[in-house]
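Colleague: The file below is start.tsv, TSV, C-alpha atoms:
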```tsv
chain	number	residue	atom	x	y	z
A	1	MET	CA	112.16	144.62	113.68
A	2	ALA	CA	112.05	147.87	111.78
A	3	THR	CA	113.34	148.48	108.29
A	4	SER	CA	115.08	151.65	107.27
A	5	LYS	CA	112.81	153.83	105.18
A	6	SER	CA	115.82	155.63	103.74
A	7	ASP	CA	117.06	152.35	102.24
A	8	LYS	CA	114.39	152.38	99.64
A	9	ASN	CA	115.81	155.52	98.07
A	10	THR	CA	118.99	153.66	97.21
A	11	ASN	CA	117.64	150.11	96.89
A	12	GLN	CA	115.74	148.60	94.08
A	13	TRP	CA	112.97	146.45	95.45
A	14	ILE	CA	112.22	143.25	93.62
A	15	GLY	CA	108.96	141.39	93.89
A	16	GLY	CA	108.56	137.79	92.87
A	17	ALA	CA	106.53	134.62	93.04
A	18	LEU	CA	107.97	131.31	94.19
A	19	VAL	CA	106.37	128.99	91.71
A	20	PHE	CA	108.66	127.35	89.17
A	21	SER	CA	111.05	124.43	89.37
A	22	GLY	CA	112.96	124.34	86.09
A	23	ARG	CA	112.71	127.97	85.05
A	24	PRO	CA	113.89	130.80	87.26
A	25	ASP	CA	111.02	132.24	89.31
A	26	PRO	CA	109.38	135.36	87.85
A	27	THR	CA	110.58	138.66	89.35
A	28	TRP	CA	109.85	142.34	88.70
A	29	SER	CA	110.56	145.78	90.09
A	30	VAL	CA	108.20	147.08	92.76
A	31	PRO	CA	107.63	150.87	92.92
A	32	ASP	CA	108.83	152.71	96.04
A	33	LEU	CA	105.33	153.92	96.73
A	34	VAL	CA	104.08	150.36	97.01
A	35	VAL	CA	107.06	149.40	99.18
A	36	SER	CA	106.23	152.23	101.59
A	37	LYS	CA	102.68	151.02	101.78
A	38	LEU	CA	103.83	147.46	102.46
A	39	GLU	CA	106.25	148.58	105.18
A	40	SER	CA	103.46	150.48	106.93
A	41	TYR	CA	101.19	147.48	106.64
A	42	TRP	CA	103.90	145.22	108.13
A	43	ALA	CA	104.38	147.58	111.07
A	44	HIS	CA	100.78	147.03	112.16
A	45	LEU	CA	100.71	143.25	111.98
A	46	GLN	CA	100.63	141.06	115.09
A	47	PRO	CA	103.45	138.56	115.75
A	48	TRP	CA	102.96	135.00	114.54
A	49	VAL	CA	103.62	132.28	117.06
A	50	GLY	CA	104.00	128.74	115.83
A	51	SER	CA	105.48	126.89	112.93
A	52	LEU	CA	105.34	128.38	109.46
A	53	PRO	CA	102.75	127.08	106.99
A	54	VAL	CA	104.15	124.22	104.93
A	55	THR	CA	104.56	125.09	101.27
A	56	PRO	CA	103.97	122.42	98.62
A	57	GLY	CA	107.04	121.08	96.85
A	58	LEU	CA	105.73	121.82	93.38
A	59	GLY	CA	103.54	124.78	92.40
A	60	TYR	CA	102.86	128.11	94.04
A	61	ARG	CA	104.86	128.68	97.24
A	62	GLY	CA	104.14	132.36	98.00
A	63	SER	CA	105.32	135.81	96.98
A	64	PHE	CA	108.37	137.75	98.11
A	65	LEU	CA	109.74	141.27	98.22
A	66	ARG	CA	113.48	141.75	98.54
A	67	ASP	CA	116.24	144.30	98.12
A	68	ALA	CA	119.92	144.02	97.35
A	69	SER	CA	120.92	144.22	101.02
A	70	GLY	CA	119.29	140.90	101.79
A	71	THR	CA	116.10	142.21	103.38
A	72	GLU	CA	113.29	139.94	102.26
A	73	TRP	CA	109.63	139.41	103.09
A	74	HIS	CA	107.99	136.15	102.15
A	75	GLY	CA	104.23	135.72	102.40
A	76	TYR	CA	102.43	132.40	102.24
A	77	GLY	CA	99.40	130.86	103.91
A	78	GLY	CA	98.55	133.90	106.03
A	79	VAL	CA	102.00	134.31	107.57
A	80	LEU	CA	104.50	136.97	106.58
A	81	THR	CA	108.18	136.45	107.38
A	82	LEU	CA	110.85	139.15	107.30
A	83	ARG	CA	114.51	138.16	106.99
A	84	THR	CA	117.21	140.79	107.50
A	85	SER	CA	120.84	140.71	108.51
A	86	LYS	CA	119.59	141.18	112.07
A	87	GLY	CA	117.34	138.15	112.16
A	88	ILE	CA	114.00	136.64	111.24
A	89	GLN	CA	110.51	137.37	112.46
A	90	SER	CA	107.03	136.34	111.38
A	91	ARG	CA	103.72	138.15	111.69
A	92	GLN	CA	100.09	137.27	111.06
A	93	ASP	CA	98.56	138.32	107.77
A	94	PRO	CA	95.40	136.20	107.70
A	95	ALA	CA	93.94	138.08	104.73
A	96	ARG	CA	97.30	137.68	102.91
A	97	GLN	CA	97.18	141.37	101.93
A	98	PHE	CA	100.96	141.73	101.73
A	99	GLU	CA	101.34	138.59	99.62
A	100	LYS	CA	98.55	139.68	97.25
A	101	LEU	CA	99.71	143.27	96.94
A	102	VAL	CA	103.18	142.14	95.86
A	103	LEU	CA	101.64	139.86	93.23
A	104	ALA	CA	99.38	142.66	92.06
A	105	THR	CA	102.43	144.67	91.02
A	106	ALA	CA	103.58	141.95	88.58
A	107	PRO	CA	103.52	142.99	84.92
A	108	ALA	CA	100.54	141.65	83.02
A	109	GLY	CA	101.03	138.16	81.59
A	110	LEU	CA	104.09	137.35	83.70
A	111	LEU	CA	102.44	135.07	86.23
A	112	PRO	CA	100.78	131.74	85.42
A	113	GLU	CA	97.07	131.36	86.06
A	114	GLU	CA	97.69	129.17	89.12
A	115	VAL	CA	99.41	132.06	90.89
A	116	LYS	CA	96.55	134.41	90.09
A	117	ARG	CA	94.08	131.87	91.44
A	118	ALA	CA	96.18	131.32	94.56
A	119	SER	CA	96.43	135.06	95.15
A	120	GLN	CA	92.65	135.21	95.05
A	121	GLY	CA	92.44	132.42	97.60
A	122	LYS	CA	91.24	129.85	95.06
A	123	LYS	CA	92.63	126.34	94.66
B	1	MET	CA	104.47	59.00	124.34
B	2	ALA	CA	105.73	62.24	125.84
B	3	LEU	CA	106.68	65.64	124.46
B	4	ARG	CA	109.12	68.19	125.67
B	5	ILE	CA	108.17	71.75	124.62
B	6	THR	CA	110.84	74.42	124.99
B	7	VAL	CA	109.67	78.03	124.86
B	8	ASP	CA	112.55	79.60	122.93
B	9	ILE	CA	112.32	83.16	124.25
B	10	PHE	CA	115.09	84.10	126.66
B	11	SER	CA	118.70	85.06	126.17
B	12	GLY	CA	120.28	85.08	129.63
B	13	ARG	CA	117.89	82.83	131.56
B	14	PRO	CA	117.32	79.18	130.64
B	15	ASN	CA	114.30	78.78	128.39
B	16	PRO	CA	111.16	77.38	130.07
B	17	VAL	CA	110.44	73.72	129.34
B	18	ILE	CA	107.07	71.99	129.57
B	19	GLU	CA	106.64	68.23	129.66
B	20	VAL	CA	103.36	66.87	128.30
B	21	GLU	CA	102.22	63.29	127.94
B	22	GLY	CA	99.19	61.10	127.45
B	23	PRO	CA	96.03	62.66	126.02
B	24	GLU	CA	97.55	66.14	126.27
B	25	ALA	CA	100.48	65.05	124.10
B	26	ASP	CA	98.01	63.56	121.61
B	27	GLU	CA	96.17	66.89	121.55
B	28	VAL	CA	99.41	68.75	120.88
B	29	LEU	CA	100.35	66.43	118.01
B	30	ARG	CA	96.85	66.77	116.54
B	31	ARG	CA	97.23	70.56	116.57
B	32	LEU	CA	100.67	70.32	114.98
B	33	LYS	CA	99.59	68.04	112.14
B	34	PRO	CA	101.32	69.31	108.99
B	35	GLY	CA	99.08	71.03	106.46
B	36	ARG	CA	100.07	72.71	103.22
B	37	LYS	CA	103.75	72.93	102.32
B	38	LEU	CA	105.32	76.35	102.78
B	39	SER	CA	106.75	78.05	99.74
B	40	GLY	CA	108.92	81.03	98.83
B	41	ARG	CA	110.00	83.37	101.63
B	42	GLU	CA	107.73	81.73	104.25
B	43	ALA	CA	109.60	78.44	103.85
B	44	ALA	CA	112.84	79.96	105.22
B	45	GLU	CA	113.65	78.93	108.78
B	46	PRO	CA	113.26	81.82	111.24
B	47	GLU	CA	116.42	83.69	112.12
B	48	PRO	CA	117.77	83.63	115.68
B	49	ILE	CA	116.67	86.97	117.08
B	50	LEU	CA	116.17	88.43	120.52
B	51	GLY	CA	112.73	87.73	121.99
B	52	TYR	CA	110.30	84.99	121.08
B	53	ARG	CA	111.78	82.60	118.51
B	54	GLY	CA	109.24	79.80	118.59
B	55	LEU	CA	108.37	76.58	120.39
B	56	VAL	CA	110.79	73.68	120.07
B	57	ILE	CA	109.00	70.35	120.36
B	58	ASP	CA	110.94	67.13	121.00
B	59	GLN	CA	109.33	63.72	121.08
B	60	THR	CA	111.01	61.78	123.82
B	61	GLY	CA	109.91	58.38	122.49
B	62	ALA	CA	109.48	57.15	118.94
B	63	ALA	CA	108.41	59.92	116.59
B	64	SER	CA	104.73	59.89	115.75
B	65	GLY	CA	101.97	62.14	114.41
B	66	GLY	CA	103.71	62.36	111.02
B	67	LEU	CA	106.30	64.67	112.55
B	68	PRO	CA	110.07	64.33	112.98
B	69	GLY	CA	111.39	63.94	116.50
B	70	HIS	CA	112.58	67.55	116.70
B	71	ILE	CA	110.58	70.46	115.27
B	72	ARG	CA	110.20	74.19	115.66
B	73	TYR	CA	106.80	75.93	115.59
B	74	LEU	CA	106.53	79.68	114.97
B	75	HIS	CA	103.41	81.65	114.12
B	76	GLY	CA	101.63	78.71	112.49
B	77	ASN	CA	104.67	77.37	110.61
B	78	LEU	CA	106.47	74.06	111.28
B	79	PHE	CA	110.16	73.54	110.58
B	80	GLY	CA	112.22	70.38	110.92
B	81	THR	CA	113.98	67.66	108.91
B	82	ARG	CA	112.10	67.50	105.60
B	83	LEU	CA	109.43	69.61	107.27
B	84	SER	CA	108.40	73.08	106.17
B	85	HIS	CA	104.64	73.14	106.49
B	86	ARG	CA	101.72	75.05	107.89
B	87	ALA	CA	100.37	73.50	111.10
B	88	GLU	CA	96.79	72.41	111.61
B	89	ASP	CA	96.50	74.92	114.49
B	90	GLU	CA	97.80	78.27	113.25
B	91	ARG	CA	97.41	79.78	116.76
B	92	PHE	CA	99.09	76.99	118.73
B	93	GLU	CA	100.83	79.56	120.93
B	94	ASP	CA	97.39	80.71	122.12
B	95	PHE	CA	96.57	77.14	123.13
B	96	ILE	CA	99.85	76.78	125.01
B	97	ALA	CA	99.31	80.02	126.93
B	98	GLY	CA	95.52	79.66	127.27
B	99	SER	CA	93.69	79.34	130.58
B	100	ALA	CA	93.90	75.53	130.40
B	101	GLY	CA	97.18	75.43	128.52
B	102	PRO	CA	100.32	73.66	129.75
B	103	LEU	CA	102.21	76.95	130.16
B	104	ARG	CA	100.11	77.63	133.27
B	105	ARG	CA	101.83	74.74	135.02
B	106	LEU	CA	105.23	76.39	134.93
B	107	SER	CA	106.48	78.01	138.08
B	108	LEU	CA	107.49	81.20	136.30
B	109	GLY	CA	104.97	83.37	138.06
B	110	GLU	CA	101.32	84.10	137.36
B	111	GLY	CA	102.19	86.81	134.89
B	112	PHE	CA	104.29	84.65	132.56
B	113	PRO	CA	101.49	83.38	130.28
B	114	ASP	CA	100.36	86.98	129.67
B	115	LEU	CA	103.93	88.12	129.09
B	116	PHE	CA	104.37	85.23	126.66
B	117	GLY	CA	101.14	86.15	124.85
B	118	LYS	CA	102.25	89.78	124.44
B	119	GLU	CA	105.69	88.73	123.24
B	120	VAL	CA	104.13	86.36	120.67
B	121	ASP	CA	101.94	89.21	119.39
B	122	ARG	CA	104.93	91.55	119.17
B	123	SER	CA	106.99	88.94	117.40
B	124	ARG	CA	104.14	88.19	114.96
B	125	LYS	CA	103.82	91.91	114.11
B	126	ALA	CA	107.59	92.34	113.76
B	127	SER	CA	107.73	89.33	111.48
B	128	ALA	CA	104.92	90.69	109.29
B	129	GLU	CA	106.65	94.08	109.11
B	130	HIS	CA	109.93	92.42	108.16
B	131	VAL	CA	108.21	90.54	105.34
B	132	GLU	CA	106.59	93.80	104.16
B	133	ARG	CA	109.94	95.64	104.26
B	134	GLU	CA	111.62	92.87	102.30
B	135	HIS	CA	108.80	92.91	99.78
B	136	HIS	CA	109.13	96.71	99.46
B	137	ARG	CA	112.89	96.44	99.06
B	138	ARG	CA	112.59	93.86	96.30
B	139	ARG	CA	109.82	95.76	94.54
B	140	HIS	CA	111.83	98.97	94.40
B	141	HIS	CA	115.08	97.32	93.29
B	142	HIS	CA	118.05	99.15	94.65
B	143	CYS	CA	119.82	100.91	91.80
B	144	LYS	CA	123.52	100.21	92.10
B	145	CYS	CA	124.47	103.03	89.71
B	146	GLY	CA	121.94	105.51	91.08
B	147	PRO	CA	123.15	108.60	92.92
B	148	LEU	CA	123.08	108.67	96.68
B	149	PHE	CA	120.18	110.52	98.27
B	150	GLU	CA	122.24	113.15	100.08
B	151	PRO	CA	120.06	116.26	100.51
B	152	ALA	CA	122.47	117.78	103.02
B	153	TRP	CA	125.05	118.25	100.27
B	154	TRP	CA	122.63	120.28	98.12
B	155	ASN	CA	120.65	122.12	100.79
B	156	VAL	CA	123.28	124.70	101.70
B	157	PRO	CA	123.27	128.44	100.86
B	158	GLN	CA	126.15	128.21	98.37
B	159	ARG	CA	124.36	125.53	96.25
B	160	GLN	CA	120.64	125.36	96.95
B	161	PRO	CA	119.44	128.64	95.37
B	162	PHE	CA	121.63	128.31	92.26
B	163	ASN	CA	120.78	124.77	91.20
B	164	ASN	CA	117.38	123.58	90.03
B	165	CYS	CA	115.58	120.32	89.34
B	166	TYR	CA	117.64	119.71	86.17
B	167	ASN	CA	120.92	120.13	88.06
B	168	TYR	CA	119.77	117.83	90.81
B	169	ALA	CA	118.26	115.15	88.59
B	170	THR	CA	121.38	114.96	86.45
B	171	ASN	CA	123.54	115.17	89.59
B	172	TYR	CA	125.47	117.99	87.96
B	173	ARG	CA	126.10	121.20	89.87
B	174	THR	CA	126.51	124.27	87.64
B	175	ASP	CA	125.26	127.04	89.97
B	176	THR	CA	123.46	128.46	86.90
B	177	PHE	CA	119.90	127.08	87.27
B	178	ALA	CA	120.61	124.86	84.26
B	179	GLN	CA	118.23	124.84	81.32
B	180	PRO	CA	117.81	121.81	79.03
B	181	GLY	CA	119.63	122.27	75.72
B	182	LEU	CA	121.33	125.54	76.67
B	183	ALA	CA	124.84	124.05	76.80
B	184	ALA	CA	124.35	122.57	73.32
B	185	GLY	CA	122.93	125.81	71.90
B	186	SER	CA	119.54	124.14	71.46
B	187	MET	CA	117.45	125.28	74.40
B	188	TYR	CA	113.79	124.25	74.45
B	189	THR	CA	111.48	126.59	72.58
B	190	ALA	CA	108.20	125.52	74.18
B	191	LEU	CA	107.19	124.16	77.52
B	192	ASN	CA	105.92	120.81	76.37
B	193	CYS	CA	107.26	117.25	76.44
B	194	PRO	CA	108.77	117.09	72.93
B	195	SER	CA	110.58	120.42	73.12
B	196	VAL	CA	112.10	120.01	76.59
B	197	GLY	CA	112.79	116.30	75.99
B	198	GLN	CA	114.64	116.95	72.73
B	199	ALA	CA	116.62	119.75	74.37
B	200	ALA	CA	117.74	117.33	77.08
B	201	VAL	CA	118.81	114.81	74.42
B	202	LYS	CA	121.00	117.57	72.97
B	203	ASP	CA	122.68	117.68	76.40
B	204	ASP	CA	123.34	113.95	75.87
B	205	LEU	CA	120.67	112.55	78.13
B	206	ILE	CA	119.37	109.31	76.61
B	207	SER	CA	115.66	109.02	75.95
B	208	THR	CA	114.34	105.72	77.36
B	209	PRO	CA	110.56	105.93	77.13
B	210	LYS	CA	110.25	102.20	77.77
B	211	ALA	CA	112.36	102.22	80.94
B	212	ASN	CA	109.18	101.61	82.96
B	213	ASN	CA	110.82	102.72	86.21
B	214	LYS	CA	113.56	100.06	85.92
B	215	CYS	CA	117.13	100.99	86.85
B	216	PRO	CA	119.51	101.02	83.89
B	217	LYS	CA	122.60	98.81	84.01
B	218	GLU	CA	124.79	101.90	83.64
B	219	GLY	CA	124.03	105.50	84.57
B	220	HIS	CA	120.89	106.55	86.42
B	221	LEU	CA	117.27	107.12	85.61
B	222	VAL	CA	115.60	110.56	85.51
B	223	ALA	CA	112.06	111.55	84.63
B	224	LEU	CA	110.70	114.65	82.90
B	225	VAL	CA	107.30	116.14	83.72
B	226	ILE	CA	105.66	119.28	82.38
B	227	TRP	CA	103.35	121.97	83.71
B	228	PRO	CA	101.79	122.54	80.29
B	229	GLY	CA	102.96	125.80	78.77
B	230	VAL	CA	104.42	127.01	82.07
B	231	ASP	CA	107.40	125.02	83.36
B	232	PHE	CA	109.28	121.71	83.40
B	233	HIS	CA	110.43	119.54	86.29
B	234	TRP	CA	112.81	116.59	86.70
B	235	TYR	CA	113.03	113.73	89.19
B	236	ARG	CA	115.87	111.25	89.67
B	237	LYS	CA	115.93	107.65	90.87
B	238	ASP	CA	118.39	107.23	93.73
B	239	ARG	CA	120.47	104.24	94.76
B	240	ASN	CA	117.81	103.29	97.31
B	241	GLY	CA	115.34	102.70	94.47
B	242	LEU	CA	113.15	105.67	95.38
B	243	TRP	CA	112.85	109.01	93.61
B	244	SER	CA	113.83	112.45	94.84
B	245	HIS	CA	113.75	115.95	93.39
B	246	LYS	CA	114.59	119.59	93.93
B	247	PRO	CA	111.75	122.01	93.16
B	248	GLY	CA	113.57	125.07	91.81
B	249	GLY	CA	115.71	126.81	94.40
B	250	THR	CA	114.04	124.97	97.29
B	251	PRO	CA	115.62	122.13	99.26
B	252	VAL	CA	116.01	118.63	97.88
B	253	ARG	CA	113.18	116.37	99.00
B	254	ASN	CA	112.14	112.75	98.57
B	255	VAL	CA	108.40	113.22	98.97
B	256	ASP	CA	105.66	114.40	96.64
B	257	ASN	CA	103.05	117.13	97.13
B	258	SER	CA	101.09	114.76	99.37
B	259	ASN	CA	104.19	114.22	101.50
B	260	HIS	CA	104.51	110.60	100.36
B	261	LEU	CA	107.69	108.81	99.32
B	262	ILE	CA	107.99	108.46	95.55
B	263	PRO	CA	108.31	104.87	94.28
B	264	ASP	CA	107.23	106.01	90.80
B	265	PRO	CA	106.98	109.62	89.56
B	266	ARG	CA	104.19	108.62	87.18
B	267	THR	CA	101.89	108.11	90.14
B	268	ALA	CA	103.23	110.83	92.47
B	269	ASN	CA	101.27	113.95	93.38
B	270	ARG	CA	103.06	116.42	91.10
B	271	GLY	CA	100.89	119.51	91.69
B	272	PRO	CA	100.48	121.42	88.43
B	273	TYR	CA	103.10	119.33	86.57
B	274	THR	CA	100.36	117.14	85.18
B	275	ASN	CA	102.09	115.76	82.08
B	276	PHE	CA	104.45	112.85	82.57
B	277	CYS	CA	106.74	112.91	79.53
B	278	THR	CA	109.33	110.18	79.70
B	279	PHE	CA	112.14	108.46	81.53
B	280	MET	CA	115.71	109.24	80.47
B	281	VAL	CA	119.11	107.90	81.42
B	282	VAL	CA	122.03	110.04	82.55
B	283	MET	CA	125.38	108.42	81.75
B	284	HIS	CA	127.80	109.77	84.32
B	285	GLY	CA	130.38	112.03	82.73
B	286	HIS	CA	128.69	112.03	79.33
B	287	ILE	CA	126.29	114.92	79.70
B	288	LYS	CA	126.94	118.64	79.55
B	289	ILE	CA	124.47	121.14	80.98
B	290	ARG	CA	124.50	124.85	81.65
```
Rewrite the structure from the file as structure tokens, please.
Modeller:
Amino acid sequence: MATSKSDKNTNQWIGGALVFSGRPDPTWSVPDLVVSKLESYWAHLQPWVGSLPVTPGLGYRGSFLRDASGTEWHGYGGVLTLRTSKGIQSRQDPARQFEKLVLATAPAGLLPEEVKRASQGKK
Amino acid sequence: MALRITVDIFSGRPNPVIEVEGPEADEVLRRLKPGRKLSGREAAEPEPILGYRGLVIDQTGAASGGLPGHIRYLHGNLFGTRLSHRAEDERFEDFIAGSAGPLRRLSLGEGFPDLFGKEVDRSRKASAEHVEREHHRRRHHHCKCGPLFEPAWWNVPQRQPFNNCYNYATNYRTDTFAQPGLAAGSMYTALNCPSVGQAAVKDDLISTPKANNKCPKEGHLVALVIWPGVDFHWYRKDRNGLWSHKPGGTPVRNVDNSNHLIPDPRTANRGPYTNFCTFMVVMHGHIKIR
């Protein structure tokens, strides 16, 4: 499933972390340059076969990158899932590079420590 | 003195009957000698169910052995007129079906004693599970005013992403990701128990720190927990006596972070929401949240 590179000229890409329960999850703008890099990275990933990793109910549940058209990547537990109007597909990202790169674009001080630890692979 | 033992097990076929007399009857009565009196739930006569329901023992002559003329034995318990006691032999069924037991004399086929033994074991397990379920049900007190656990109503695209733990716990859909105190113009100013708790009171939730997980007579119970300095989270006690919650925009669930049911949020695995603050009561129709 390809994504249209031209979209990013008209779309604002939003990154975020799925982490809160009461408060809205933290979100921020992701620069086009980073989005291009992430799209290229996605294009080289191998398909994921199997069930998706189970996220905990409370606490960090992964990072996401989305645009206004409904295209959204969600990365958690070494699996990256892309949802578009055309469907859903998942690919392997064992090093969680996509997930971490999205989190790395968050403004300083926005994310709680637990998310930073999770993005570094720590419990 | 003779005994007539009916194996109460079948539904369509006639139950098997064994006649014993002489020393064998004496042996049976010795094994059925009443011991301690049953009490509480165990003293209730077994219900008529499908499958093994016990052994019915009738004395065909004058009653003896300290037993009434007609008794029922099931899993070590004796029931009859003024009889509700533990038997001397708590595994009397094993004796009946044993290699020298009277059940072997029946012309029900070689396999019947083994079938009987398996059915007794199944019945014993089912009975123990029933007792455990009843115990669980009583311990968790069904809450007659609690909301129904109906995740399917919340977990749909038009509601799930726009309602959070506070919406779900208060059973109040706003589609605004409601924040404690916002509707009253007194939103929390810090992410700690006092600030979020007081903000919820401004929304007309009732602080009940001594609720101790007991259902209120009116309204329903909710619980506030805090991820110190980071976030708040709410649980609610449903009509079934168990707790459920909705972590942010994710689906409603009735399990904790260890995937266990939640009989008490104070002891649930709450991930980073380490501070249990308090129980509160939501009076239906009284609160206002936004």
Colleague: Which residue, B:Val196, B:Val120, B:Val201, B:Ala211, has the smallest gap to Gly22 in chain A when you use all atoms listed in the file?
Modeller: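 Checking each of B:Val196, B:Val120, B:Val201, B:Ala211 against Gly22 in chain A, counting all atoms listed in the file, the winner is B:Val196.
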Colleague: I'd like a table as a Markdown table: residues in chain B with an atom no more than 8 Å from chain A, each row giving the shortest atom pair and its distance in Å to one decimal, only C-alpha atoms counted, sorted by chain and rising residue number.
Modeller:
```
| residue | atom | partner | partner_atom | distance |
| --- | --- | --- | --- | --- |
| B:Asn164 | CA | A:Gly22 | CA | 6.0 |
| B:Cys165 | CA | A:Gly22 | CA | 5.8 |
| B:Tyr166 | CA | A:Gly22 | CA | 6.6 |
| B:Phe177 | CA | A:Pro24 | CA | 7.1 |
| B:Ala178 | CA | A:Gly22 | CA | 7.9 |
| B:Gln179 | CA | A:Gly22 | CA | 7.1 |
| B:Val230 | CA | A:Pro112 | CA | 6.8 |
| B:Asp231 | CA | A:Gly22 | CA | 6.2 |
| B:Phe232 | CA | A:Gly22 | CA | 5.3 |
| B:His233 | CA | A:Gly22 | CA | 5.4 |
| B:Trp234 | CA | A:Gly22 | CA | 7.8 |
| B:Lys246 | CA | A:Ser21 | CA | 7.5 |
| B:Pro247 | CA | A:Ser21 | CA | 4.6 |
| B:Gly248 | CA | A:Ser21 | CA | 3.6 |
| B:Gly249 | CA | A:Ser21 | CA | 7.3 |
| B:Asp256 | CA | A:Gly57 | CA | 6.8 |
| B:Asn257 | CA | A:Pro56 | CA | 5.6 |
| B:Arg270 | CA | A:Leu58 | CA | 6.4 |
| B:Gly271 | CA | A:Leu58 | CA | 5.6 |
| B:Pro272 | CA | A:Gly59 | CA | 6.0 |
| B:Tyr273 | CA | A:Leu58 | CA | 7.7 |
```
Colleague: Have a look at CA of Ile226 in chain B and CA of Lys144 in chain B and let me know their distance in Å, one decimal.
Modeller: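 So the answer is 27.9 Å.
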Colleague: What is the distance, in Å and to one decimal place, between CA of Leu106 in chain B and CA of Glu19 in chain B?
Modeller: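 Distance between the two atoms: 9.8 Å.
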Colleague: Rounded to one decimal, what separation in Å do you get between CA of Trp154 in chain B and CA of Arg173 in chain B?
Modeller: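 Distance reported for this atom pair: 9.0 Å.
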Colleague: Is it possible to get the residues within 10 Å of (103.5, 128.7, 113.3) (coordinates as in the file, counting all atoms listed in the file) written as a VMD selection string?
Modeller: chain A and resid 48 to 54 79 90 to 92
Colleague: Please identify all polymer residues within 8 Å of Arg96 in chain A, counting only C-alpha atoms, omitting same-chain residues fewer than 2 positions from it, and present them as a PyMOL selection string.
Modeller: chain A and resi 75-79+93-94+98-100
Colleague: Might you pull out every residue within 12 Å of Lys116 in chain A, with all atoms listed in the file counted and same-chain residues fewer than 5 positions away left off, and present them as a ChimeraX atom specification?
Modeller: /A:17,19,60,62-63,99-106,108-111,121-123
Colleague: Rank nothing, just name the residue among A:Gln120, A:Gln89, A:Gln97, A:Asn11 nearest to Pro31 in chain A, using only C-alpha atoms.
Modeller: A:Asn11
Colleague: Could you check which residues have any atom within 10 Å of (112.3, 82.9, 136.7), counting all atoms listed in the file with coordinates taken straight from the file, and then list them as a VMD selection string?
Modeller: chain B and resid 13 to 16 106 to 109 112
Colleague: Would you mind exporting C-alpha atoms of the selected residues as an mmCIF file, in the frame of the given file?
Modeller:
```cif
data_model
loop_
_atom_site.group_PDB
_atom_site.id
_atom_site.type_symbol
_atom_site.label_atom_id
_atom_site.label_comp_id
_atom_site.auth_asym_id
_atom_site.auth_seq_id
_atom_site.Cartn_x
_atom_site.Cartn_y
_atom_site.Cartn_z
ATOM 1 C CA ARG B 13 117.890 82.830 131.560
ATOM 2 C CA PRO B 14 117.320 79.180 130.640
ATOM 3 C CA ASN B 15 114.300 78.780 128.390
ATOM 4 C CA PRO B 16 111.160 77.380 130.070
ATOM 5 C CA LEU B 106 105.230 76.390 134.930
ATOM 6 C CA SER B 107 106.480 78.010 138.080
ATOM 7 C CA LEU B 108 107.490 81.200 136.300
ATOM 8 C CA GLY B 109 104.970 83.370 138.060
ATOM 9 C CA PHE B 112 104.290 84.650 132.560
#
```
